[in-house]
$ cat start-v8.csv   # CSV, C-alpha atoms
chain,number,residue,atom,x,y,z
A,1,MET,CA,-31.2,-22.0,-9.1
A,2,LYS,CA,-30.1,-20.2,-12.2
A,3,ARG,CA,-26.8,-20.9,-13.8
A,4,GLY,CA,-25.8,-17.3,-13.8
A,5,ARG,CA,-26.0,-17.2,-10.0
A,6,LEU,CA,-23.8,-20.2,-9.6
A,7,LEU,CA,-20.9,-19.2,-11.8
A,8,ILE,CA,-19.0,-16.3,-10.3
A,9,PRO,CA,-16.0,-14.5,-11.7
A,10,CYS,CA,-12.5,-14.7,-10.1
A,11,SER,CA,-12.9,-11.2,-8.7
A,12,GLU,CA,-15.9,-12.4,-6.6
A,13,ALA,CA,-14.2,-15.7,-5.8
A,14,HIS,CA,-11.2,-13.8,-4.3
A,15,ARG,CA,-13.6,-11.7,-2.2
A,16,LEU,CA,-15.4,-14.8,-1.0
A,17,LEU,CA,-12.0,-16.4,-0.1
A,18,SER,CA,-11.3,-13.5,2.1
A,19,ASP,CA,-14.7,-13.5,3.7
A,20,ARG,CA,-14.3,-17.2,4.4
A,21,LEU,CA,-11.1,-16.5,6.4
A,22,ASP,CA,-13.1,-14.1,8.5
A,23,GLY,CA,-15.9,-16.6,9.0
A,24,THR,CA,-18.5,-14.3,7.4
A,25,LEU,CA,-19.2,-16.3,4.3
A,26,PRO,CA,-22.9,-17.4,4.1
A,27,PRO,CA,-23.5,-21.1,3.0
A,28,SER,CA,-24.7,-20.0,-0.4
A,29,GLY,CA,-21.5,-18.2,-1.0
A,30,GLY,CA,-19.5,-21.2,0.2
A,31,TRP,CA,-21.1,-23.4,-2.4
A,32,ARG,CA,-20.5,-21.0,-5.2
A,33,LEU,CA,-16.9,-20.6,-4.1
A,34,ARG,CA,-16.3,-24.4,-3.9
A,35,LEU,CA,-17.7,-24.8,-7.4
A,36,HIS,CA,-15.5,-22.1,-8.7
A,37,LEU,CA,-12.4,-23.5,-7.1
A,38,LEU,CA,-13.1,-26.9,-8.7
A,39,PHE,CA,-12.5,-25.4,-12.1
A,40,CYS,CA,-10.2,-22.5,-11.4
A,41,ASP,CA,-6.4,-23.0,-11.0
A,42,ALA,CA,-5.7,-19.3,-10.4
A,43,CYS,CA,-8.2,-19.0,-7.5
A,44,SER,CA,-7.0,-22.3,-6.0
A,45,ARG,CA,-3.5,-20.9,-6.0
A,46,VAL,CA,-4.7,-17.7,-4.3
A,47,GLU,CA,-6.6,-19.8,-1.8
A,48,ARG,CA,-3.4,-21.6,-0.8
A,49,GLN,CA,-1.4,-18.4,-0.7
A,50,LEU,CA,-3.9,-16.7,1.6
A,51,ASP,CA,-3.8,-19.7,3.9
A,52,LEU,CA,0.0,-19.4,3.9
A,53,ILE,CA,-0.2,-15.7,4.8
A,54,ARG,CA,-2.5,-16.6,7.7
A,55,SER,CA,-0.2,-19.3,9.1
A,56,ALA,CA,2.7,-16.9,8.8
A,57,MET,CA,0.8,-14.1,10.6
A,58,ARG,CA,0.1,-16.4,13.5
A,59,ARG,CA,3.9,-16.8,14.0
A,60,LEU,CA,4.9,-13.2,13.4
A,61,GLY,CA,7.4,-11.9,15.9
A,62,SER,CA,8.3,-15.2,17.4
B,13,MET,CA,16.1,-22.1,34.6
B,14,ASP,CA,19.1,-19.9,34.2
B,15,THR,CA,17.5,-16.5,34.8
B,16,ALA,CA,20.6,-14.5,33.6
B,17,ARG,CA,20.4,-16.3,30.3
B,18,ILE,CA,16.7,-15.6,30.0
B,19,ASP,CA,17.3,-11.9,30.7
B,20,ARG,CA,19.9,-11.8,28.0
B,21,GLU,CA,17.6,-13.5,25.6
B,22,LEU,CA,14.7,-11.2,26.5
B,23,ALA,CA,16.9,-8.2,25.7
B,24,ALA,CA,17.8,-9.7,22.4
B,25,LEU,CA,14.2,-10.0,21.4
B,26,ARG,CA,13.5,-6.3,21.8
B,27,PRO,CA,14.1,-5.3,18.1
B,28,GLN,CA,11.8,-7.9,16.6
B,29,LEU,CA,9.1,-7.1,19.2
B,30,LEU,CA,9.4,-3.5,18.3
B,31,ARG,CA,9.1,-4.1,14.7
B,32,VAL,CA,5.9,-6.2,15.0
B,33,ALA,CA,4.4,-3.7,17.6
B,34,ARG,CA,5.0,-0.9,15.1
B,35,LEU,CA,3.2,-2.8,12.4
B,36,GLN,CA,0.2,-3.1,14.6
B,37,LEU,CA,0.2,0.3,16.2
B,38,ARG,CA,1.7,2.5,13.5
B,39,ASN,CA,3.1,4.7,16.2
B,40,ASP,CA,6.6,4.6,17.5
B,41,ALA,CA,5.9,5.9,21.0
B,42,TRP,CA,3.0,3.5,21.5
B,43,ALA,CA,5.1,0.6,20.2
B,44,GLU,CA,7.9,1.5,22.6
B,45,ASP,CA,5.5,1.6,25.5
B,46,ALA,CA,3.9,-1.8,24.6
B,47,VAL,CA,7.3,-3.4,24.2
B,48,SER,CA,8.7,-1.9,27.4
B,49,GLU,CA,5.6,-3.1,29.4
B,50,THR,CA,6.0,-6.5,27.8
B,51,LEU,CA,9.7,-6.9,28.7
B,52,ILE,CA,9.0,-5.8,32.3
B,53,ALA,CA,6.1,-8.3,32.6
B,54,ALA,CA,8.4,-11.0,31.1
B,55,LEU,CA,11.2,-10.2,33.6
B,56,GLU,CA,8.8,-10.2,36.5
B,57,GLY,CA,7.2,-13.4,35.3
B,58,ARG,CA,10.2,-15.3,34.1
B,59,GLU,CA,9.9,-17.9,36.8
B,60,ARG,CA,6.6,-18.8,35.3
B,61,PHE,CA,8.2,-19.4,31.9
B,62,GLY,CA,8.4,-23.1,32.0
B,63,GLY,CA,10.5,-23.5,28.9
B,64,GLN,CA,7.8,-25.7,27.3
B,65,SER,CA,7.5,-23.3,24.4
B,66,GLN,CA,10.0,-21.0,22.8
B,67,LEU,CA,10.8,-17.9,24.8
B,68,SER,CA,9.9,-15.7,21.9
B,69,THR,CA,6.5,-17.3,21.5
B,70,TRP,CA,5.8,-16.7,25.2
B,71,VAL,CA,6.9,-13.1,25.0
B,72,VAL,CA,4.9,-12.3,21.8
B,73,GLY,CA,1.9,-13.7,23.6
B,74,ILE,CA,2.5,-11.1,26.4
B,75,LEU,CA,3.0,-8.4,23.8
B,76,LYS,CA,-0.4,-9.2,22.2
B,77,HIS,CA,-2.1,-8.9,25.5
B,78,LYS,CA,-0.4,-5.5,26.2
B,79,ILE,CA,-1.5,-4.2,22.9
B,80,ILE,CA,-5.1,-5.3,23.4
B,81,ASP,CA,-5.0,-3.6,26.8
B,82,GLN,CA,-3.7,-0.5,25.1
B,83,PHE,CA,-6.6,-0.5,22.7
B,84,ARG,CA,-9.1,-0.9,25.6
B,85,ARG,CA,-7.6,2.0,27.5
B,86,ALA,CA,-7.4,4.3,24.6
B,87,GLY,CA,-10.8,3.2,23.2
B,88,ARG,CA,-11.9,4.9,20.0
B,89,GLU,CA,-8.8,7.2,20.1
B,90,VAL,CA,-6.8,4.4,18.6
B,91,SER,CA,-9.5,3.9,16.0
B,92,VAL,CA,-8.7,3.8,12.4
B,93,ASP,CA,-8.7,7.4,11.2
B,94,ALA,CA,-8.9,7.2,7.4
B,95,ILE,CA,-11.7,4.7,7.4
B,96,SER,CA,-14.7,6.9,6.6
B,97,GLN,CA,-13.1,8.3,3.5
B,98,ASP,CA,-12.1,4.9,2.3
B,99,SER,CA,-13.5,4.6,-1.2
B,100,GLY,CA,-12.1,2.8,-4.1
B,101,ASP,CA,-8.7,1.0,-4.2
B,102,ASP,CA,-7.2,1.0,-7.7
B,103,GLU,CA,-4.3,-1.2,-6.7
B,104,VAL,CA,-6.8,-4.0,-6.0
B,105,GLU,CA,-9.3,-3.2,-8.7
B,106,ASN,CA,-6.6,-3.2,-11.4
B,107,LEU,CA,-5.9,-6.9,-10.6
B,108,PHE,CA,-9.0,-7.8,-12.4
B,109,ARG,CA,-10.4,-7.1,-15.9
B,110,ALA,CA,-13.9,-5.8,-16.4
B,111,ASP,CA,-15.3,-9.3,-16.8
B,112,GLY,CA,-13.8,-10.3,-13.4
B,113,HIS,CA,-10.9,-12.4,-14.7
B,114,ARG,CA,-7.5,-11.8,-13.3
B,115,VAL,CA,-5.2,-9.7,-15.4
B,116,SER,CA,-2.2,-11.9,-14.6
B,117,HIS,CA,-2.1,-15.5,-13.4
B,118,PRO,CA,-0.9,-15.9,-9.8
B,119,LEU,CA,2.5,-17.7,-9.7
B,120,ASP,CA,3.2,-21.0,-7.9
B,121,TRP,CA,4.7,-20.3,-4.5
B,122,GLY,CA,5.7,-23.9,-4.0
B,123,ASP,CA,5.5,-25.8,-0.7
B,124,PRO,CA,4.0,-23.7,2.1
B,125,GLU,CA,6.1,-25.4,4.8
B,126,THR,CA,9.3,-24.6,2.9
B,127,SER,CA,8.2,-20.9,2.6
B,128,LEU,CA,7.5,-20.7,6.3
B,129,ALA,CA,10.8,-22.2,7.2
B,130,ARG,CA,12.6,-19.3,5.5
B,131,VAL,CA,13.4,-16.3,7.7
B,132,GLN,CA,13.3,-14.2,4.5
B,133,PHE,CA,9.5,-14.9,4.1
B,134,PHE,CA,8.7,-13.2,7.4
B,135,ASP,CA,11.1,-10.4,6.6
B,136,VAL,CA,9.4,-9.7,3.2
B,137,LEU,CA,5.9,-10.2,4.8
B,138,GLN,CA,6.7,-7.5,7.4
B,139,ALA,CA,8.1,-5.1,4.8
B,140,CYS,CA,4.9,-5.6,2.8
B,141,ILE,CA,2.7,-4.9,5.8
B,142,GLU,CA,4.7,-1.7,6.4
B,143,ARG,CA,3.8,-0.7,2.9
B,144,LEU,CA,0.1,-1.1,3.4
B,145,PRO,CA,-2.0,2.0,4.0
B,146,ALA,CA,-2.1,2.5,7.8
B,147,HIS,CA,-5.8,1.7,8.2
B,148,LEU,CA,-5.5,-1.5,6.2
B,149,ALA,CA,-2.4,-2.6,8.1
B,150,ARG,CA,-4.1,-2.0,11.5
B,151,ILE,CA,-7.2,-4.0,10.7
B,152,PHE,CA,-5.3,-6.7,9.1
B,153,MET,CA,-2.9,-7.1,12.1
B,154,MET,CA,-5.9,-7.0,14.5
B,155,ARG,CA,-7.5,-9.9,12.6
B,156,GLU,CA,-4.5,-12.0,11.6
B,157,TRP,CA,-1.9,-11.3,14.3
B,158,LEU,CA,-4.0,-10.5,17.4
B,159,GLU,CA,-6.6,-13.0,16.1
B,160,ILE,CA,-9.5,-10.8,17.1
B,161,GLU,CA,-12.9,-11.9,15.6
B,162,ILE,CA,-14.0,-9.7,12.8
B,163,VAL,CA,-17.3,-8.6,14.5
B,164,ASP,CA,-15.3,-7.4,17.5
B,165,ILE,CA,-12.9,-5.5,15.3
B,166,CYS,CA,-15.8,-3.7,13.5
B,167,LYS,CA,-17.3,-2.9,16.8
B,168,GLU,CA,-14.1,-1.6,18.3
B,169,LEU,CA,-13.4,0.6,15.3
B,170,GLY,CA,-17.0,1.7,14.9
B,171,ILE,CA,-17.3,0.6,11.2
B,172,THR,CA,-19.8,-1.5,9.3
B,173,ALA,CA,-19.3,-5.2,8.7
B,174,THR,CA,-19.2,-4.6,5.0
B,175,ASN,CA,-16.5,-1.9,5.3
B,176,CYS,CA,-14.5,-4.3,7.5
B,177,SER,CA,-14.7,-7.1,4.9
B,178,VAL,CA,-13.7,-4.8,2.1
B,179,MET,CA,-10.7,-3.7,4.0
B,180,MET,CA,-9.6,-7.2,4.9
B,181,PHE,CA,-10.0,-8.2,1.2
B,182,ARG,CA,-7.9,-5.3,0.1
B,183,ALA,CA,-5.2,-5.9,2.7
B,184,ARG,CA,-5.0,-9.6,1.7
B,185,MET,CA,-4.9,-8.8,-2.0
B,186,ARG,CA,-2.2,-6.2,-1.7
B,187,LEU,CA,-0.1,-8.4,0.5
B,188,ARG,CA,-0.3,-11.3,-1.9
B,189,GLU,CA,0.8,-9.1,-4.8
B,190,CYS,CA,3.6,-7.6,-2.7
B,191,LEU,CA,4.9,-11.0,-1.7
B,192,GLU,CA,4.8,-12.1,-5.3
B,193,THR,CA,6.6,-9.1,-6.7
B,194,ASN,CA,9.2,-9.5,-4.0
B,195,GLY,CA,10.5,-12.9,-4.9
B,196,PHE,CA,7.8,-15.4,-4.0
B,197,GLY,CA,6.6,-17.6,-6.7
B,198,GLN,CA,9.6,-17.7,-9.0
B,199,GLU,CA,9.7,-20.5,-11.5
B,200,SER,CA,12.4,-22.3,-9.4
B,201,GLY,CA,10.1,-22.4,-6.5
B,202,THR,CA,12.8,-21.5,-4.0

$ encode --input "start-v8.csv" --output "C-alpha cells"
Amino acid sequence: MKRGRLLIPCSEAHRLLSDRLDGTLPPSGGWRLRLHLLFCDACSRVERQLDLIRSAMRRLGS
Amino acid sequence: MDTARIDRELAALRPQLLRVARLQLRNDAWAEDAVSETLIAALEGRERFGGQSQLSTWVVGILKHKIIDQFRRAGREVSVDAISQDSGDDEVENLFRADGHRVSHPLDWGDPETSLARVQFFDVLQACIERLPAHLARIFMMREWLEIEIVDICKELGITATNCSVMMFRARMRLRECLETNGFGQESGT
C-alpha cells in the first residue's frame, strides 16, 4: 500500500472517529485511523472527548 | 414501596423530562404529549418499579419508548425537514486548515469520570444541543440518546447513509466545540 493512502490528515481522522462511533468504519479506515492516533495528540484528545459525550448522552435526563 | 413518595418524585422529574424530550422532538406540543404519556405510564406501572435502579433512569427509559412510538405513529411526518438542502457547514469546515490540520489544538478536558460527576456538564451539554441546527440535533439525539442504529435512522428519515454520517460528524464536532468554548478544558482541568 502506498504511503499517501496510509497517512491521513486530522480532518479525515475526525471524520473516521465519528464513523467508528456509528459502526460504519470499514477495516481499512480503522487501520488508518489507529495509525494516525498513534502519532497525533490532538486527535487522541478528540477521541476521548467524543467518547465522553457518548457516555454523557446515554445518561441524559436521568 | 411508598407510592405517595414515588408520585411526588415522579412529579418532580417533569421539568428534566420535558427538557430532554424537547431536545429530541424540537416541538413543545409533542414533547408535552410524550412526557404526559410517560408520567401516566409510570404512575400506572409504579408497582413494577422495583427500586433496583434510580427512579429517573426507569422513567427516562419509558420516555424513550414513548418517543420511539411517536416516531412510528407519525412516520415520515416527523422526518427531518431541512435535510435535502443540507450542503456545507462552515462552522465545522473552519475547524481545519486547507491541509487538513486543526486550526486550534483541542484542550485537555481532564478526567472523564470527574466531568460526568458534575451536574454542570449535563447542563452545558443540553444547552449546546439546543443550539444545534434542528436537523442535526434530531439525528444526534436519535443516535446517542435513543441509541437507534444508524442504518435504521437513515431508513426512518429517508436519507442516504453518507448524508447520515456527515450529519453525525457535524453534530459531534459542533458539540465538542460548544462544550470547549463553554468552560470545558480549562487549564485547571476543573

$ closest_atom_pairs --input "start-v8.csv" --of "chain B" --to "chain A" --cutoff "9 Å" --atoms "only C-alpha atoms" --output "JSON lines"
{"residue": "B:Leu25", "atom": "CA", "partner": "A:Ser62", "partner_atom": "CA", "distance": 8.8}
{"residue": "B:Gln28", "atom": "CA", "partner": "A:Gly61", "partner_atom": "CA", "distance": 6.0}
{"residue": "B:Leu29", "atom": "CA", "partner": "A:Gly61", "partner_atom": "CA", "distance": 6.1}
{"residue": "B:Leu30", "atom": "CA", "partner": "A:Gly61", "partner_atom": "CA", "distance": 9.0}
{"residue": "B:Arg31", "atom": "CA", "partner": "A:Gly61", "partner_atom": "CA", "distance": 8.1}
{"residue": "B:Val32", "atom": "CA", "partner": "A:Gly61", "partner_atom": "CA", "distance": 6.0}
{"residue": "B:Ala33", "atom": "CA", "partner": "A:Gly61", "partner_atom": "CA", "distance": 8.9}
{"residue": "B:Gln66", "atom": "CA", "partner": "A:Ser62", "partner_atom": "CA", "distance": 8.1}
{"residue": "B:Leu67", "atom": "CA", "partner": "A:Ser62", "partner_atom": "CA", "distance": 8.3}
{"residue": "B:Ser68", "atom": "CA", "partner": "A:Ser62", "partner_atom": "CA", "distance": 4.8}
{"residue": "B:Thr69", "atom": "CA", "partner": "A:Ser62", "partner_atom": "CA", "distance": 4.9}
{"residue": "B:Trp70", "atom": "CA", "partner": "A:Ser62", "partner_atom": "CA", "distance": 8.3}
{"residue": "B:Val71", "atom": "CA", "partner": "A:Ser62", "partner_atom": "CA", "distance": 8.0}
{"residue": "B:Val72", "atom": "CA", "partner": "A:Ser62", "partner_atom": "CA", "distance": 6.3}
{"residue": "B:Glu105", "atom": "CA", "partner": "A:Ser11", "partner_atom": "CA", "distance": 8.8}
{"residue": "B:Leu107", "atom": "CA", "partner": "A:Ser11", "partner_atom": "CA", "distance": 8.4}
{"residue": "B:Phe108", "atom": "CA", "partner": "A:Ser11", "partner_atom": "CA", "distance": 6.4}
{"residue": "B:Arg109", "atom": "CA", "partner": "A:Ser11", "partner_atom": "CA", "distance": 8.7}
{"residue": "B:Asp111", "atom": "CA", "partner": "A:Pro9", "partner_atom": "CA", "distance": 7.3}
{"residue": "B:Gly112", "atom": "CA", "partner": "A:Ser11", "partner_atom": "CA", "distance": 4.9}
{"residue": "B:His113", "atom": "CA", "partner": "A:Cys10", "partner_atom": "CA", "distance": 5.4}
{"residue": "B:Arg114", "atom": "CA", "partner": "A:Cys10", "partner_atom": "CA", "distance": 6.6}
{"residue": "B:His117", "atom": "CA", "partner": "A:Ala42", "partner_atom": "CA", "distance": 6.0}
{"residue": "B:Pro118", "atom": "CA", "partner": "A:Ala42", "partner_atom": "CA", "distance": 5.9}
{"residue": "B:Leu119", "atom": "CA", "partner": "A:Arg45", "partner_atom": "CA", "distance": 7.7}
{"residue": "B:Asp120", "atom": "CA", "partner": "A:Arg45", "partner_atom": "CA", "distance": 7.0}
{"residue": "B:Trp121", "atom": "CA", "partner": "A:Gln49", "partner_atom": "CA", "distance": 7.4}
{"residue": "B:Pro124", "atom": "CA", "partner": "A:Leu52", "partner_atom": "CA", "distance": 6.1}
{"residue": "B:Glu125", "atom": "CA", "partner": "A:Leu52", "partner_atom": "CA", "distance": 8.6}
{"residue": "B:Ser127", "atom": "CA", "partner": "A:Leu52", "partner_atom": "CA", "distance": 8.4}
{"residue": "B:Leu128", "atom": "CA", "partner": "A:Ala56", "partner_atom": "CA", "distance": 6.6}
{"residue": "B:Phe133", "atom": "CA", "partner": "A:Ala56", "partner_atom": "CA", "distance": 8.5}
{"residue": "B:Phe134", "atom": "CA", "partner": "A:Leu60", "partner_atom": "CA", "distance": 7.1}
{"residue": "B:Leu137", "atom": "CA", "partner": "A:Ile53", "partner_atom": "CA", "distance": 8.2}
{"residue": "B:Gln138", "atom": "CA", "partner": "A:Leu60", "partner_atom": "CA", "distance": 8.5}
{"residue": "B:Met153", "atom": "CA", "partner": "A:Met57", "partner_atom": "CA", "distance": 8.1}
{"residue": "B:Arg155", "atom": "CA", "partner": "A:Asp22", "partner_atom": "CA", "distance": 8.1}
{"residue": "B:Glu156", "atom": "CA", "partner": "A:Met57", "partner_atom": "CA", "distance": 5.8}
{"residue": "B:Trp157", "atom": "CA", "partner": "A:Met57", "partner_atom": "CA", "distance": 5.4}
{"residue": "B:Leu158", "atom": "CA", "partner": "A:Arg58", "partner_atom": "CA", "distance": 8.2}
{"residue": "B:Glu159", "atom": "CA", "partner": "A:Arg58", "partner_atom": "CA", "distance": 8.0}
{"residue": "B:Glu161", "atom": "CA", "partner": "A:Asp22", "partner_atom": "CA", "distance": 7.4}
{"residue": "B:Ile162", "atom": "CA", "partner": "A:Asp22", "partner_atom": "CA", "distance": 6.2}
{"residue": "B:Ser177", "atom": "CA", "partner": "A:Asp19", "partner_atom": "CA", "distance": 6.5}
{"residue": "B:Val178", "atom": "CA", "partner": "A:Arg15", "partner_atom": "CA", "distance": 8.1}
{"residue": "B:Met180", "atom": "CA", "partner": "A:Ser18", "partner_atom": "CA", "distance": 7.1}
{"residue": "B:Phe181", "atom": "CA", "partner": "A:Ser18", "partner_atom": "CA", "distance": 5.5}
{"residue": "B:Arg182", "atom": "CA", "partner": "A:Arg15", "partner_atom": "CA", "distance": 8.9}
{"residue": "B:Arg184", "atom": "CA", "partner": "A:Leu50", "partner_atom": "CA", "distance": 7.2}
{"residue": "B:Met185", "atom": "CA", "partner": "A:His14", "partner_atom": "CA", "distance": 8.4}
{"residue": "B:Leu187", "atom": "CA", "partner": "A:Ile53", "partner_atom": "CA", "distance": 8.5}
{"residue": "B:Arg188", "atom": "CA", "partner": "A:Gln49", "partner_atom": "CA", "distance": 7.3}

$ write_last_selection --input "start-v8.csv" --atoms "C-alpha atoms" --output "PDB file, in the coordinates of the input"
ATOM      1  CA  LEU B  25      14.200 -10.000  21.400  1.00  0.00           C
ATOM      2  CA  GLN B  28      11.800  -7.900  16.600  1.00  0.00           C
ATOM      3  CA  LEU B  29       9.100  -7.100  19.200  1.00  0.00           C
ATOM      4  CA  LEU B  30       9.400  -3.500  18.300  1.00  0.00           C
ATOM      5  CA  ARG B  31       9.100  -4.100  14.700  1.00  0.00           C
ATOM      6  CA  VAL B  32       5.900  -6.200  15.000  1.00  0.00           C
ATOM      7  CA  ALA B  33       4.400  -3.700  17.600  1.00  0.00           C
ATOM      8  CA  GLN B  66      10.000 -21.000  22.800  1.00  0.00           C
ATOM      9  CA  LEU B  67      10.800 -17.900  24.800  1.00  0.00           C
ATOM     10  CA  SER B  68       9.900 -15.700  21.900  1.00  0.00           C
ATOM     11  CA  THR B  69       6.500 -17.300  21.500  1.00  0.00           C
ATOM     12  CA  TRP B  70       5.800 -16.700  25.200  1.00  0.00           C
ATOM     13  CA  VAL B  71       6.900 -13.100  25.000  1.00  0.00           C
ATOM     14  CA  VAL B  72       4.900 -12.300  21.800  1.00  0.00           C
ATOM     15  CA  GLU B 105      -9.300  -3.200  -8.700  1.00  0.00           C
ATOM     16  CA  LEU B 107      -5.900  -6.900 -10.600  1.00  0.00           C
ATOM     17  CA  PHE B 108      -9.000  -7.800 -12.400  1.00  0.00           C
ATOM     18  CA  ARG B 109     -10.400  -7.100 -15.900  1.00  0.00           C
ATOM     19  CA  ASP B 111     -15.300  -9.300 -16.800  1.00  0.00           C
ATOM     20  CA  GLY B 112     -13.800 -10.300 -13.400  1.00  0.00           C
ATOM     21  CA  HIS B 113     -10.900 -12.400 -14.700  1.00  0.00           C
ATOM     22  CA  ARG B 114      -7.500 -11.800 -13.300  1.00  0.00           C
ATOM     23  CA  HIS B 117      -2.100 -15.500 -13.400  1.00  0.00           C
ATOM     24  CA  PRO B 118      -0.900 -15.900  -9.800  1.00  0.00           C
ATOM     25  CA  LEU B 119       2.500 -17.700  -9.700  1.00  0.00           C
ATOM     26  CA  ASP B 120       3.200 -21.000  -7.900  1.00  0.00           C
ATOM     27  CA  TRP B 121       4.700 -20.300  -4.500  1.00  0.00           C
ATOM     28  CA  PRO B 124       4.000 -23.700   2.100  1.00  0.00           C
ATOM     29  CA  GLU B 125       6.100 -25.400   4.800  1.00  0.00           C
ATOM     30  CA  SER B 127       8.200 -20.900   2.600  1.00  0.00           C
ATOM     31  CA  LEU B 128       7.500 -20.700   6.300  1.00  0.00           C
ATOM     32  CA  PHE B 133       9.500 -14.900   4.100  1.00  0.00           C
ATOM     33  CA  PHE B 134       8.700 -13.200   7.400  1.00  0.00           C
ATOM     34  CA  LEU B 137       5.900 -10.200   4.800  1.00  0.00           C
ATOM     35  CA  GLN B 138       6.700  -7.500   7.400  1.00  0.00           C
ATOM     36  CA  MET B 153      -2.900  -7.100  12.100  1.00  0.00           C
ATOM     37  CA  ARG B 155      -7.500  -9.900  12.600  1.00  0.00           C
ATOM     38  CA  GLU B 156      -4.500 -12.000  11.600  1.00  0.00           C
ATOM     39  CA  TRP B 157      -1.900 -11.300  14.300  1.00  0.00           C
ATOM     40  CA  LEU B 158      -4.000 -10.500  17.400  1.00  0.00           C
ATOM     41  CA  GLU B 159      -6.600 -13.000  16.100  1.00  0.00           C
ATOM     42  CA  GLU B 161     -12.900 -11.900  15.600  1.00  0.00           C
ATOM     43  CA  ILE B 162     -14.000  -9.700  12.800  1.00  0.00           C
ATOM     44  CA  SER B 177     -14.700  -7.100   4.900  1.00  0.00           C
ATOM     45  CA  VAL B 178     -13.700  -4.800   2.100  1.00  0.00           C
ATOM     46  CA  MET B 180      -9.600  -7.200   4.900  1.00  0.00           C
ATOM     47  CA  PHE B 181     -10.000  -8.200   1.200  1.00  0.00           C
ATOM     48  CA  ARG B 182      -7.900  -5.300   0.100  1.00  0.00           C
ATOM     49  CA  ARG B 184      -5.000  -9.600   1.700  1.00  0.00           C
ATOM     50  CA  MET B 185      -4.900  -8.800  -2.000  1.00  0.00           C
ATOM     51  CA  LEU B 187      -0.100  -8.400   0.500  1.00  0.00           C
ATOM     52  CA  ARG B 188      -0.300 -11.300  -1.900  1.00  0.00           C
TER      53      ARG B 188
END

$ atom_distance --input "start-v8.csv" --atom1 "CA of Gln64 (chain B)" --atom2 "CA of Val131 (chain B)"
22.4 Å

$ closest_residue --input "start-v8.csv" --among "A:Arg32, A:Glu47, A:Pro26, A:Arg20" --to "Leu7 (chain A)" --atoms "all atoms listed in the file"
A:Arg32

$ atom_distance --input "start-v8.csv" --atom1 "CA of Arg186 (chain B)" --atom2 "CA of Gly170 (chain B)"
23.6 Å

$ atom_distance --input "start-v8.csv" --atom1 "CA of Arg34 (chain A)" --atom2 "CA of Leu6 (chain A)"
10.3 Å

$ closest_residue --input "start-v8.csv" --among "B:Pro27, B:Phe196, B:Ala149, B:Ala43" --to "Arg130 (chain B)" --atoms "all atoms listed in the file"
B:Phe196

$ axis_aligned_box --input "start-v8.csv" --around "region 64-83 of chain B" --padding-each-side "3 Å" --output "AutoDock Vina command-line options"
--center_x 2.1 --center_y -13.1 --center_z 24.4 --size_x 23.4 --size_y 31.2 --size_z 11.8

$ residues_around --input "start-v8.csv" --residues "Leu37 (chain B)" --least-positions-apart "3" --cutoff "10 Å" --atoms "all atoms listed in the file" --output "list in words"
Val32, Ala33, Arg34, Asp40, Ala41, Trp42, Ala43, Ala46, Ile79, Gln82, Phe83, Val90, Ala146, Ala149, Arg150, Met153 and Met154 of chain B

$ decode --input "start-v8.csv" --residues "region 34-43 of chain A" --atoms "N, CA, C and O atoms" --output "tab-separated table (two decimals), in the first residue's frame"
chain	number	residue	atom	x	y	z
A	34	ARG	N	-6.13	4.19	13.38
A	34	ARG	CA	-5.28	3.77	14.51
A	34	ARG	C	-3.86	4.26	14.34
A	34	ARG	O	-3.22	4.69	15.31
A	35	LEU	N	-3.38	4.19	13.12
A	35	LEU	CA	-2.02	4.68	12.84
A	35	LEU	C	-1.94	6.18	13.14
A	35	LEU	O	-1.01	6.65	13.79
A	36	HIS	N	-2.94	6.91	12.67
A	36	HIS	CA	-2.95	8.36	12.88
A	36	HIS	C	-2.97	8.69	14.38
A	36	HIS	O	-2.23	9.55	14.85
A	37	LEU	N	-3.81	7.96	15.13
A	37	LEU	CA	-3.96	8.24	16.56
A	37	LEU	C	-2.66	7.97	17.34
A	37	LEU	O	-2.40	8.61	18.35
A	38	LEU	N	-1.85	7.03	16.83
A	38	LEU	CA	-0.58	6.73	17.49
A	38	LEU	C	0.32	7.95	17.55
A	38	LEU	O	1.10	8.13	18.48
A	39	PHE	N	0.21	8.78	16.52
A	39	PHE	CA	1.13	9.90	16.40
A	39	PHE	C	0.49	11.26	16.67
A	39	PHE	O	1.18	12.27	16.68
A	40	CYS	N	-0.82	11.30	16.84
A	40	CYS	CA	-1.49	12.59	16.88
A	40	CYS	C	-2.19	12.82	18.23
A	40	CYS	O	-3.21	12.20	18.54
A	41	ASP	N	-1.63	13.73	19.02
A	41	ASP	CA	-2.20	14.08	20.33
A	41	ASP	C	-3.58	14.72	20.19
A	41	ASP	O	-4.49	14.43	20.96
A	42	ALA	N	-3.69	15.61	19.22
A	42	ALA	CA	-4.94	16.36	19.06
A	42	ALA	C	-6.10	15.40	18.79
A	42	ALA	O	-7.15	15.47	19.44
A	43	CYS	N	-5.91	14.48	17.85
A	43	CYS	CA	-6.99	13.56	17.52
A	43	CYS	C	-7.26	12.57	18.66
A	43	CYS	O	-8.40	12.15	18.86
